[in-house]
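J.: Dropping the structure in here first, questions after.
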There are 2 protein chains.
Amino acid sequence: MIPEPAGEPIRVMLADDEHLIRGALAALLGLEDDLRVVAEAASGSEALAMARVHRPDVAVLDLQMPGLDGVMVATSLRAELPGCRTMIVTGHGRPGHLKRALGAGVRGFVPKTVSAQRLAEIIRTVHGGSRYVDPELAADAISAGDSPLTAREAELLELAEGGAPIAEIAERASLTPGTVRNYLSAATAKLGAENRHAAARIARAQGWL
Amino acid sequence: MIPEPAGEPIRVMLADDEHLIRGALAALLGLEDDLRVVAEAASGSEALAMARVHRPDVAVLDLQMPGLDGVMVATSLRAELPGCRTMIVTGHGRPGHLKRALGAGVRGFVPKTVSAQRLAEIIRTVHGGSRYVDPELAADAISAGDSPLTAREAELLELAEGGAPIAEIAERASLTPGTVRNYLSAATAKLGAENRHAAARIARAQGWL
DNA sequence: CGGCCCTCATGACATTCGTCATCGGAAGTC
DNA sequence: GACTTCCGATGACGAATGTCATGAGGGCCG
């Protein structure tokens with residue numbers, strides 16, 4: 001639809017660490033007359049390098065990649081290539097990620113459950129200057145709301161994620177064990193969790209860490 | 001390669017909850033002369049239903065799907081359609097999963113980082129009766145070894161995963177809090193972890209839970 | 001400037017948790 | 001039958017943790 005009569009095709013870059021998906025997607029999107037996949041990357045840093053060379057119109061970034069994740073890449077691209085629109089594709093989208101992505105200037109946020117045709121349409125939408133956010137993910141994000149955690153609380157929760165004892169967290173954060181306990185206690189209370197481990201899970205699920 | 005001169009094509013079923021990947025893969029594999037994608041499914045239960053109807057030669061199953069996961073589907077298929085070879089495709093493969101998969105009669109185990117062409121070759125290999133396991137995943141599985149946990153220990157660790165307090169775990173398992181602590185203490189010691197939370201993480205990472 | 005929030009810390013207290021010893025019963029193996 | 005392993009439980013003890021009060025310093029905003 002909207003066959004883009006004879007203009008130049010939209011230059012697309014794909015970044016996804018899973019070769020299977022990236023390759024398949026490149027092939028499918030390449031079938032569309034008005035899209036051309038000009039670059040592929042298997043990691044965040046590679047995506048940045050490729051973008052500098054090939055200067056795509058739209059960068060389709062997987063959220064979870066080794067090294068830099070999709071949102072980080074989008075942040076860098078925004079500074080280096082302001083003309084390049086960015087969009088995020090993700091498997092399981094957590095509410096907080098969407099907010100983070102929008103803050104990074106991302107113009108499209110799509111789960112991997114959409115079809116390739118639908119993705120192609122969304123790429124056109126994004127290229128045209130509009131935004132697109134998957135309705136379900138948007139609803140989740142709205143219902144989730146903002147993070148109630150302060151920066152330190154989130155940081156310490158992150159360190160607590162692996163199940164490490166307080167002493168180790170304190171050491172890694174260069175803080176007193178007592179202080180760490182206070183922060184984690186505050187975070188746990190804010191999240192309504194039973195203990196810091198459950199709190200860390202909740203925060204992670206909300207995309208707040 | 002090996003163009004399968006004029007025989008019947010290999011009938012393939014794809015099961016993956018991510019429409020984007022499934023569709024793209026179906027399109028790419030369909031390009032191979034000797035492969036025909038005869039069914040697609042977005043969940044484990046759907047995969048079983050489709051398999052009963054379309055009786056594929058090879059079932060390509062994503063490991064993580066809502067409801068039944070890939071290995072469970074493989075187990076059922078083995079009983080219902082002995083002639084159907086099964087293979088697992090996975091994003092991040094944990095050591096324990098491979099063992100579980102092989103136990104379920106799976107004949108191929110591949111990460112999503114392979115290319116579509118490579119996957120096509122592996123489908124042919126599996127259809128021919130051989131097995132294929134990604135070398136890196138195999139190495140991980142060998143170095144990881146068997147689970148040292150007893151059934152209850154693993155079960156309680158699983159309940160402990162969310163960070164729930166002992167009391168809640170005990171209630172859910174219909175056990176005494178003291179007993180729960182003992183089992184979790186034993187599991188934690190076996191895994192060399194600092195506490196049950198870290199132990200749960202380790203066990204999950206090894207695919208032992 | 002006076003508040004307000006965040007940061008970092010200390011001390012105290014009750015609770016939870018990890019660890020150990022010990023017990024009985026069930027199941028499987030040699 | 002003797003041995004081993006697992007399951008389930010109890011009691012006890014020290015250490016780790018959660019919770020609260022309190023305080024000092026810094027930054028931001030009206």
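Labeling convention for the structure tokens: chains A, B, ... as they appear, residues from 1 per chain, ligands from 1 in order of appearance.
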Neighbours of region 13-20 of chain D within 8 Å (only C-alpha atoms (C1' of nucleotides); same-chain residues fewer than 2 positions away dropped), as number ranges by chain?
T.: A: 181, 185, 195; C: 15-18
J.: So that I can check the surroundings of Glu155 (chain B), please list as a VMD selection string every protein, DNA and RNA residue that reaches within 10 Å of it, counting only C-alpha atoms (C1' of nucleotides) and ignoring chain neighbours fewer than 6 positions away.
T.: chain B and resid 149 173 183 to 184 209
J.: Pick out the residues sitting within 12 Å of DC29 (chain D), and hand them over as a list in words; count only C-alpha atoms (C1' of nucleotides), and ignore anything fewer than 6 positions along from it in its own chain.
T.: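 Listing them by chain and then by number gives DC1, DG2, DG3, DC4 and DC5 of chain C.
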J.: Find the spatial neighbours of Gly145 (chain A), counting only C-alpha atoms (C1' of nucleotides), within a cut-off of 9 Å - ignore same-chain residues fewer than 3 positions away - and output them as a ChimeraX atom specification.
T.: /A:95-96,140-142,148
J.: Based on the selection just made, write all heavy atoms of those residues as a compact mmCIF listing (two decimals), in the first residue's frame.
T.:
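And here is the file that came out, selection11.txt:
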# COMPACT_ATOMS: atom_id res chain seq x y z
N PRO A 95 7.28 -1.79 30.87
CA PRO A 95 6.75 -0.42 30.84
C PRO A 95 7.83 0.66 30.85
O PRO A 95 7.79 1.59 30.06
CB PRO A 95 5.90 -0.36 32.10
CG PRO A 95 5.48 -1.76 32.34
CD PRO A 95 6.62 -2.62 31.86
N GLY A 96 8.80 0.52 31.75
CA GLY A 96 9.80 1.56 31.90
C GLY A 96 10.63 1.78 30.65
O GLY A 96 11.09 2.88 30.38
N ASP A 140 0.26 -0.46 29.14
CA ASP A 140 1.05 -0.95 30.27
C ASP A 140 1.86 0.19 30.88
O ASP A 140 1.93 0.32 32.10
CB ASP A 140 2.02 -2.05 29.79
CG ASP A 140 1.29 -3.35 29.54
OD1 ASP A 140 0.09 -3.43 29.91
OD2 ASP A 140 1.90 -4.28 28.99
N ALA A 141 2.47 0.98 30.01
CA ALA A 141 3.34 2.05 30.49
C ALA A 141 2.54 3.07 31.28
O ALA A 141 2.97 3.57 32.32
CB ALA A 141 4.04 2.71 29.31
N ILE A 142 1.34 3.37 30.79
CA ILE A 142 0.51 4.36 31.47
C ILE A 142 0.09 3.84 32.84
O ILE A 142 0.18 4.53 33.84
CB ILE A 142 -0.73 4.70 30.62
CG1 ILE A 142 -0.30 5.49 29.40
CG2 ILE A 142 -1.74 5.48 31.44
CD1 ILE A 142 -1.38 5.64 28.35
N PRO A 148 8.94 5.52 41.50
CA PRO A 148 8.95 6.27 42.76
C PRO A 148 10.34 6.28 43.40
O PRO A 148 10.51 6.84 44.47
CB PRO A 148 7.95 5.49 43.61
CG PRO A 148 8.10 4.09 43.13
CD PRO A 148 8.49 4.15 41.67
J.: Just the strand (DSSP E or B) stuff from region 30-155 of chain A, please, per backbone DSSP, written as a list in words.
T.: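 The strand (DSSP E or B) residues within region 30-155 of chain A come out as Leu35, Arg36, Val37, Val38, Ala39, Glu40, Ala41, Val58, Ala59, Val60, Leu61, Asp62, Arg85, Thr86, Met87, Ile88, Val89, Thr90, Gly108, Phe109, Val110, Pro111, Tyr132 and Val133 of chain A.
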J.: Which residues in region 126-203 of chain B does DSSP call helix (DSSP H, G or I)? List them as a PyMOL selection string.
T.: chain B and resi 126-127+135-144+151-160+166-173+177-191+196-203
J.: Please provide the set of residues having any atom within 9 Å of region 23-32 of chain A, restricted to only C-alpha atoms (C1' of nucleotides), with same-chain residues fewer than 5 positions apart removed, written as a PDB file with all heavy atoms, in the first residue's frame.
T.:
ATOM      1  N   PRO A   3       2.529   2.792  -2.660  1.00  0.00           N
ATOM      2  CA  PRO A   3       3.715   2.212  -3.281  1.00  0.00           C
ATOM      3  C   PRO A   3       4.861   3.188  -3.520  1.00  0.00           C
ATOM      4  O   PRO A   3       5.856   2.816  -4.101  1.00  0.00           O
ATOM      5  CB  PRO A   3       3.198   1.658  -4.616  1.00  0.00           C
ATOM      6  CG  PRO A   3       1.827   2.189  -4.801  1.00  0.00           C
ATOM      7  CD  PRO A   3       1.410   2.952  -3.590  1.00  0.00           C
ATOM      8  N   MET A  13      18.266   0.640   8.462  1.00  0.00           N
ATOM      9  CA  MET A  13      19.309  -0.153   9.103  1.00  0.00           C
ATOM     10  C   MET A  13      18.669  -1.082  10.125  1.00  0.00           C
ATOM     11  O   MET A  13      17.775  -0.670  10.866  1.00  0.00           O
ATOM     12  CB  MET A  13      20.319   0.726   9.836  1.00  0.00           C
ATOM     13  CG  MET A  13      21.371  -0.105  10.582  1.00  0.00           C
ATOM     14  SD  MET A  13      22.631   0.884  11.422  1.00  0.00           S
ATOM     15  CE  MET A  13      21.718   1.497  12.818  1.00  0.00           C
ATOM     16  N   LEU A  14      19.117  -2.327  10.172  1.00  0.00           N
ATOM     17  CA  LEU A  14      18.616  -3.294  11.137  1.00  0.00           C
ATOM     18  C   LEU A  14      19.713  -3.634  12.146  1.00  0.00           C
ATOM     19  O   LEU A  14      20.844  -3.902  11.758  1.00  0.00           O
ATOM     20  CB  LEU A  14      18.185  -4.587  10.439  1.00  0.00           C
ATOM     21  CG  LEU A  14      16.997  -4.523   9.487  1.00  0.00           C
ATOM     22  CD1 LEU A  14      16.764  -5.896   8.868  1.00  0.00           C
ATOM     23  CD2 LEU A  14      15.759  -4.064  10.223  1.00  0.00           C
ATOM     24  N   GLU A  18      20.406 -11.416  17.032  1.00  0.00           N
ATOM     25  CA  GLU A  18      20.029 -12.741  16.557  1.00  0.00           C
ATOM     26  C   GLU A  18      20.034 -12.764  15.027  1.00  0.00           C
ATOM     27  O   GLU A  18      19.141 -12.219  14.379  1.00  0.00           O
ATOM     28  CB  GLU A  18      18.651 -13.117  17.110  1.00  0.00           C
ATOM     29  CG  GLU A  18      18.693 -13.217  18.629  1.00  0.00           C
ATOM     30  CD  GLU A  18      17.333 -13.526  19.238  1.00  0.00           C
ATOM     31  OE1 GLU A  18      16.314 -13.351  18.550  1.00  0.00           O
ATOM     32  OE2 GLU A  18      17.314 -13.950  20.406  1.00  0.00           O
ATOM     33  N   VAL A  37      17.152  -2.133   2.765  1.00  0.00           N
ATOM     34  CA  VAL A  37      17.996  -2.378   3.940  1.00  0.00           C
ATOM     35  C   VAL A  37      19.432  -2.113   3.536  1.00  0.00           C
ATOM     36  O   VAL A  37      20.018  -2.857   2.746  1.00  0.00           O
ATOM     37  CB  VAL A  37      17.830  -3.828   4.444  1.00  0.00           C
ATOM     38  CG1 VAL A  37      18.767  -4.072   5.619  1.00  0.00           C
ATOM     39  CG2 VAL A  37      16.389  -4.086   4.853  1.00  0.00           C
ATOM     40  N   GLU A  40      23.249  -3.767   8.327  1.00  0.00           N
ATOM     41  CA  GLU A  40      22.830  -4.676   9.382  1.00  0.00           C
ATOM     42  C   GLU A  40      23.907  -4.684  10.456  1.00  0.00           C
ATOM     43  O   GLU A  40      25.090  -4.583  10.154  1.00  0.00           O
ATOM     44  CB  GLU A  40      22.671  -6.103   8.839  1.00  0.00           C
ATOM     45  CG  GLU A  40      21.526  -6.261   7.867  1.00  0.00           C
ATOM     46  CD  GLU A  40      21.377  -7.723   7.427  1.00  0.00           C
ATOM     47  OE1 GLU A  40      21.596  -8.610   8.276  1.00  0.00           O
ATOM     48  OE2 GLU A  40      21.068  -7.944   6.253  1.00  0.00           O
ATOM     49  N   ALA A 116       5.636  -8.839   9.691  1.00  0.00           N
ATOM     50  CA  ALA A 116       6.628  -8.075   8.938  1.00  0.00           C
ATOM     51  C   ALA A 116       5.953  -6.978   8.122  1.00  0.00           C
ATOM     52  O   ALA A 116       6.477  -5.867   8.000  1.00  0.00           O
ATOM     53  CB  ALA A 116       7.431  -9.010   8.042  1.00  0.00           C
ATOM     54  N   GLN A 117       4.803  -7.308   7.569  1.00  0.00           N
ATOM     55  CA  GLN A 117       4.072  -6.293   6.800  1.00  0.00           C
ATOM     56  C   GLN A 117       3.731  -5.099   7.678  1.00  0.00           C
ATOM     57  O   GLN A 117       3.895  -3.940   7.278  1.00  0.00           O
ATOM     58  CB  GLN A 117       2.789  -6.889   6.233  1.00  0.00           C
ATOM     59  CG  GLN A 117       3.026  -7.834   5.067  1.00  0.00           C
ATOM     60  CD  GLN A 117       1.731  -8.175   4.357  1.00  0.00           C
ATOM     61  OE1 GLN A 117       0.646  -7.977   4.905  1.00  0.00           O
ATOM     62  NE2 GLN A 117       1.846  -8.680   3.137  1.00  0.00           N
ATOM     63  N   LEU A 119       5.247  -4.206  10.328  1.00  0.00           N
ATOM     64  CA  LEU A 119       6.488  -3.496  10.631  1.00  0.00           C
ATOM     65  C   LEU A 119       6.869  -2.570   9.490  1.00  0.00           C
ATOM     66  O   LEU A 119       7.286  -1.421   9.721  1.00  0.00           O
ATOM     67  CB  LEU A 119       7.624  -4.485  10.896  1.00  0.00           C
ATOM     68  CG  LEU A 119       8.966  -3.844  11.262  1.00  0.00           C
ATOM     69  CD1 LEU A 119       8.879  -3.122  12.600  1.00  0.00           C
ATOM     70  CD2 LEU A 119      10.088  -4.869  11.295  1.00  0.00           C
ATOM     71  N   ALA A 120       6.698  -3.052   8.292  1.00  0.00           N
ATOM     72  CA  ALA A 120       7.014  -2.215   7.126  1.00  0.00           C
ATOM     73  C   ALA A 120       6.153  -0.958   7.126  1.00  0.00           C
ATOM     74  O   ALA A 120       6.640   0.151   6.882  1.00  0.00           O
ATOM     75  CB  ALA A 120       6.793  -3.017   5.842  1.00  0.00           C
TER      76      ALA A 120
ATOM     77  N   LEU B  20       6.885 -11.700  14.124  1.00  0.00           N
ATOM     78  CA  LEU B  20       7.888 -11.105  13.244  1.00  0.00           C
ATOM     79  C   LEU B  20       8.892 -12.145  12.791  1.00  0.00           C
ATOM     80  O   LEU B  20       9.219 -12.263  11.603  1.00  0.00           O
ATOM     81  CB  LEU B  20       8.596  -9.996  14.030  1.00  0.00           C
ATOM     82  CG  LEU B  20       9.387  -8.956  13.253  1.00  0.00           C
ATOM     83  CD1 LEU B  20       8.541  -8.351  12.174  1.00  0.00           C
ATOM     84  CD2 LEU B  20       9.892  -7.897  14.208  1.00  0.00           C
ATOM     85  N   ILE B  21       9.384 -12.897  13.725  1.00  0.00           N
ATOM     86  CA  ILE B  21      10.406 -13.897  13.426  1.00  0.00           C
ATOM     87  C   ILE B  21       9.809 -15.073  12.674  1.00  0.00           C
ATOM     88  O   ILE B  21      10.362 -15.560  11.693  1.00  0.00           O
ATOM     89  CB  ILE B  21      11.053 -14.386  14.735  1.00  0.00           C
ATOM     90  CG1 ILE B  21      11.937 -13.288  15.280  1.00  0.00           C
ATOM     91  CG2 ILE B  21      11.833 -15.645  14.507  1.00  0.00           C
ATOM     92  CD1 ILE B  21      11.594 -12.907  16.666  1.00  0.00           C
ATOM     93  N   GLY B  23       7.112 -15.302  10.857  1.00  0.00           N
ATOM     94  CA  GLY B  23       6.740 -14.985   9.484  1.00  0.00           C
ATOM     95  C   GLY B  23       7.955 -14.837   8.585  1.00  0.00           C
ATOM     96  O   GLY B  23       7.992 -15.374   7.475  1.00  0.00           O
ATOM     97  N   ALA B  24       8.939 -14.127   9.093  1.00  0.00           N
ATOM     98  CA  ALA B  24      10.139 -13.899   8.288  1.00  0.00           C
ATOM     99  C   ALA B  24      10.834 -15.219   7.990  1.00  0.00           C
ATOM    100  O   ALA B  24      11.286 -15.469   6.863  1.00  0.00           O
ATOM    101  CB  ALA B  24      11.082 -12.961   9.030  1.00  0.00           C
ATOM    102  N   LEU B  25      10.874 -16.060   8.981  1.00  0.00           N
ATOM    103  CA  LEU B  25      11.529 -17.352   8.832  1.00  0.00           C
ATOM    104  C   LEU B  25      10.779 -18.216   7.825  1.00  0.00           C
ATOM    105  O   LEU B  25      11.387 -18.885   6.985  1.00  0.00           O
ATOM    106  CB  LEU B  25      11.558 -18.037  10.195  1.00  0.00           C
ATOM    107  CG  LEU B  25      12.772 -18.872  10.486  1.00  0.00           C
ATOM    108  CD1 LEU B  25      14.024 -18.081  10.201  1.00  0.00           C
ATOM    109  CD2 LEU B  25      12.742 -19.301  11.945  1.00  0.00           C
ATOM    110  N   ALA B  26       9.485 -18.194   7.941  1.00  0.00           N
ATOM    111  CA  ALA B  26       8.671 -18.985   7.027  1.00  0.00           C
ATOM    112  C   ALA B  26       8.941 -18.553   5.593  1.00  0.00           C
ATOM    113  O   ALA B  26       9.101 -19.386   4.689  1.00  0.00           O
ATOM    114  CB  ALA B  26       7.187 -18.821   7.360  1.00  0.00           C
ATOM    115  N   ALA B  27       9.039 -17.253   5.397  1.00  0.00           N
ATOM    116  CA  ALA B  27       9.279 -16.745   4.049  1.00  0.00           C
ATOM    117  C   ALA B  27      10.646 -17.195   3.543  1.00  0.00           C
ATOM    118  O   ALA B  27      10.793 -17.642   2.410  1.00  0.00           O
ATOM    119  CB  ALA B  27       9.192 -15.221   4.050  1.00  0.00           C
ATOM    120  N   LEU B  28      11.638 -17.100   4.413  1.00  0.00           N
ATOM    121  CA  LEU B  28      13.003 -17.436   3.984  1.00  0.00           C
ATOM    122  C   LEU B  28      13.151 -18.925   3.722  1.00  0.00           C
ATOM    123  O   LEU B  28      13.736 -19.338   2.718  1.00  0.00           O
ATOM    124  CB  LEU B  28      14.005 -17.014   5.049  1.00  0.00           C
ATOM    125  CG  LEU B  28      14.591 -15.626   4.894  1.00  0.00           C
ATOM    126  CD1 LEU B  28      15.923 -15.548   5.608  1.00  0.00           C
ATOM    127  CD2 LEU B  28      14.772 -15.276   3.430  1.00  0.00           C
ATOM    128  N   SER B 115      22.506 -18.189  10.881  1.00  0.00           N
ATOM    129  CA  SER B 115      21.816 -17.593   9.736  1.00  0.00           C
ATOM    130  C   SER B 115      20.701 -18.521   9.269  1.00  0.00           C
ATOM    131  O   SER B 115      20.649 -19.693   9.628  1.00  0.00           O
ATOM    132  CB  SER B 115      22.799 -17.361   8.600  1.00  0.00           C
ATOM    133  OG  SER B 115      23.218 -18.614   8.084  1.00  0.00           O
ATOM    134  N   ALA B 116      19.819 -17.979   8.461  1.00  0.00           N
ATOM    135  CA  ALA B 116      18.696 -18.773   7.970  1.00  0.00           C
ATOM    136  C   ALA B 116      19.197 -19.912   7.079  1.00  0.00           C
ATOM    137  O   ALA B 116      18.664 -21.033   7.113  1.00  0.00           O
ATOM    138  CB  ALA B 116      17.723 -17.883   7.205  1.00  0.00           C
TER     139      ALA B 116
END
J.: With only C-alpha atoms (C1' of nucleotides) considered, list every residue of chain A at most 12 Å from chain D, as number ranges by chain.
T.: A: 164-167, 177-178, 180-189, 193-197
J.: Rank C:DC6, C:DA14, C:DG24, C:DC30 by their smallest atom-to-atom distance to chain A, using only C-alpha atoms (C1' of nucleotides), and report the top residue only.
T.: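 Closest candidate: C:DC6.
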J.: Using only C-alpha atoms (C1' of nucleotides), find each residue in chain C having at least one atom no more than 8 Å away from chain A; report its shortest atom-to-atom pair and that distance in Å (one decimal), rows by chain then rising number, as a Markdown table.
T.:
| residue | atom | partner | partner_atom | distance |
| --- | --- | --- | --- | --- |
| C:DC6 | C1' | A:Thr150 | CA | 7.9 |
| C:DC8 | C1' | A:Thr179 | CA | 6.5 |
| C:DA9 | C1' | A:Thr179 | CA | 6.5 |
| C:DT10 | C1' | A:Gly178 | CA | 7.9 |
J.: Grab the residues selected above and save them as a tab-separated table (two decimals), in the first residue's frame with all heavy atoms.
T.:
chain	number	residue	atom	x	y	z
C	6	DC	P	13.26	12.65	47.56
C	6	DC	OP1	12.65	12.07	46.35
C	6	DC	OP2	12.88	12.17	48.90
C	6	DC	O5'	14.84	12.52	47.44
C	6	DC	C5'	15.51	13.20	46.39
C	6	DC	C4'	16.98	13.27	46.70
C	6	DC	O4'	17.19	14.13	47.84
C	6	DC	C3'	17.60	11.91	47.08
C	6	DC	O3'	18.69	11.63	46.24
C	6	DC	C2'	18.03	12.08	48.53
C	6	DC	C1'	18.21	13.59	48.64
C	6	DC	N1	18.05	14.10	50.03
C	6	DC	C2	19.12	14.73	50.66
C	6	DC	O2	20.18	14.85	50.04
C	6	DC	N3	18.97	15.19	51.93
C	6	DC	C4	17.80	15.03	52.56
C	6	DC	N4	17.70	15.50	53.81
C	6	DC	C5	16.69	14.39	51.93
C	6	DC	C6	16.85	13.94	50.67
C	8	DC	P	25.40	9.00	48.52
C	8	DC	OP1	26.62	9.31	47.75
C	8	DC	OP2	24.49	7.93	48.07
C	8	DC	O5'	25.81	8.73	50.03
C	8	DC	C5'	26.65	9.66	50.72
C	8	DC	C4'	26.53	9.48	52.21
C	8	DC	O4'	25.23	9.89	52.66
C	8	DC	C3'	26.70	8.06	52.73
C	8	DC	O3'	28.01	7.89	53.25
C	8	DC	C2'	25.61	7.93	53.81
C	8	DC	C1'	25.07	9.35	53.94
C	8	DC	N1	23.63	9.45	54.34
C	8	DC	C2	23.27	10.17	55.47
C	8	DC	O2	24.15	10.74	56.12
C	8	DC	N3	21.96	10.23	55.83
C	8	DC	C4	21.05	9.60	55.09
C	8	DC	N4	19.78	9.70	55.49
C	8	DC	C5	21.40	8.86	53.92
C	8	DC	C6	22.70	8.81	53.59
C	9	DA	P	28.46	6.54	53.93
C	9	DA	OP1	29.93	6.51	53.95
C	9	DA	OP2	27.69	5.43	53.35
C	9	DA	O5'	27.96	6.77	55.43
C	9	DA	C5'	28.48	7.85	56.18
C	9	DA	C4'	27.76	7.96	57.51
C	9	DA	O4'	26.38	8.28	57.28
C	9	DA	C3'	27.74	6.66	58.33
C	9	DA	O3'	28.81	6.68	59.26
C	9	DA	C2'	26.37	6.71	59.03
C	9	DA	C1'	25.67	7.93	58.45
C	9	DA	N9	24.28	7.69	58.07
C	9	DA	C8	23.81	7.13	56.92
C	9	DA	N7	22.50	7.05	56.85
C	9	DA	C5	22.08	7.58	58.06
C	9	DA	C6	20.81	7.78	58.62
C	9	DA	N6	19.68	7.44	57.99
C	9	DA	N1	20.74	8.33	59.86
C	9	DA	C2	21.88	8.67	60.47
C	9	DA	N3	23.14	8.54	60.05
C	9	DA	C4	23.16	7.98	58.83
C	10	DT	P	29.18	5.39	60.05
C	10	DT	OP1	30.60	5.54	60.46
C	10	DT	OP2	28.74	4.22	59.29
C	10	DT	O5'	28.27	5.47	61.35
C	10	DT	C5'	28.14	6.71	62.03
C	10	DT	C4'	27.12	6.58	63.15
C	10	DT	O4'	25.80	6.70	62.60
C	10	DT	C3'	27.17	5.24	63.88
C	10	DT	O3'	27.45	5.45	65.25
C	10	DT	C2'	25.78	4.63	63.68
C	10	DT	C1'	24.94	5.84	63.31
C	10	DT	N1	23.81	5.54	62.40
C	10	DT	C2	22.54	5.89	62.78
C	10	DT	O2	22.29	6.45	63.83
C	10	DT	N3	21.56	5.57	61.86
C	10	DT	C4	21.73	4.94	60.64
C	10	DT	O4	20.78	4.71	59.90
C	10	DT	C5	23.09	4.59	60.31
C	10	DT	C7	23.39	3.91	59.03
C	10	DT	C6	24.05	4.90	61.20
J.: Between A:Val126, A:Ala42, A:Ala104, A:Leu35, which residue has the minimum interatomic distance to chain B, considering only C-alpha atoms?
T.: A:Ala42
J.: Tell me, in Å to one decimal, how far CA of Arg36 (chain B) is from CA of Asp69 (chain B).
T.: 23.5 Å
J.: Would you list the contacts of region 80-93 of chain A as JSON, numbers by chain, taking every protein, DNA or RNA residue within 9 Å and counting only C-alpha atoms (C1' of nucleotides), but skipping same-chain residues closer than 2 positions in sequence?
T.: {"A": [51, 52, 55, 56, 57, 58, 59, 60, 61, 62, 63, 64, 70, 71, 74, 75, 76, 77, 78, 95, 96, 97, 98, 101, 105, 106, 107, 108, 109, 110, 111, 112, 113, 123, 126, 127, 129, 132, 137, 207], "B": [18]}
J.: Rounded to one decimal in Å, what is the spacing between CA of Gly163 (chain B) and CA of Met72 (chain B)?
T.: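 Atom-to-atom, CA of Gly163 (chain B) and CA of Met72 (chain B) are spaced 26.6 Å apart.
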J.: If I take CA of Leu191 (chain A) and CA of Asp146 (chain A), how far is one from the other in Å, to one decimal?
T.: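 CA of Asp146 (chain A) lies at a distance of 11.9 Å from CA of Leu191 (chain A).
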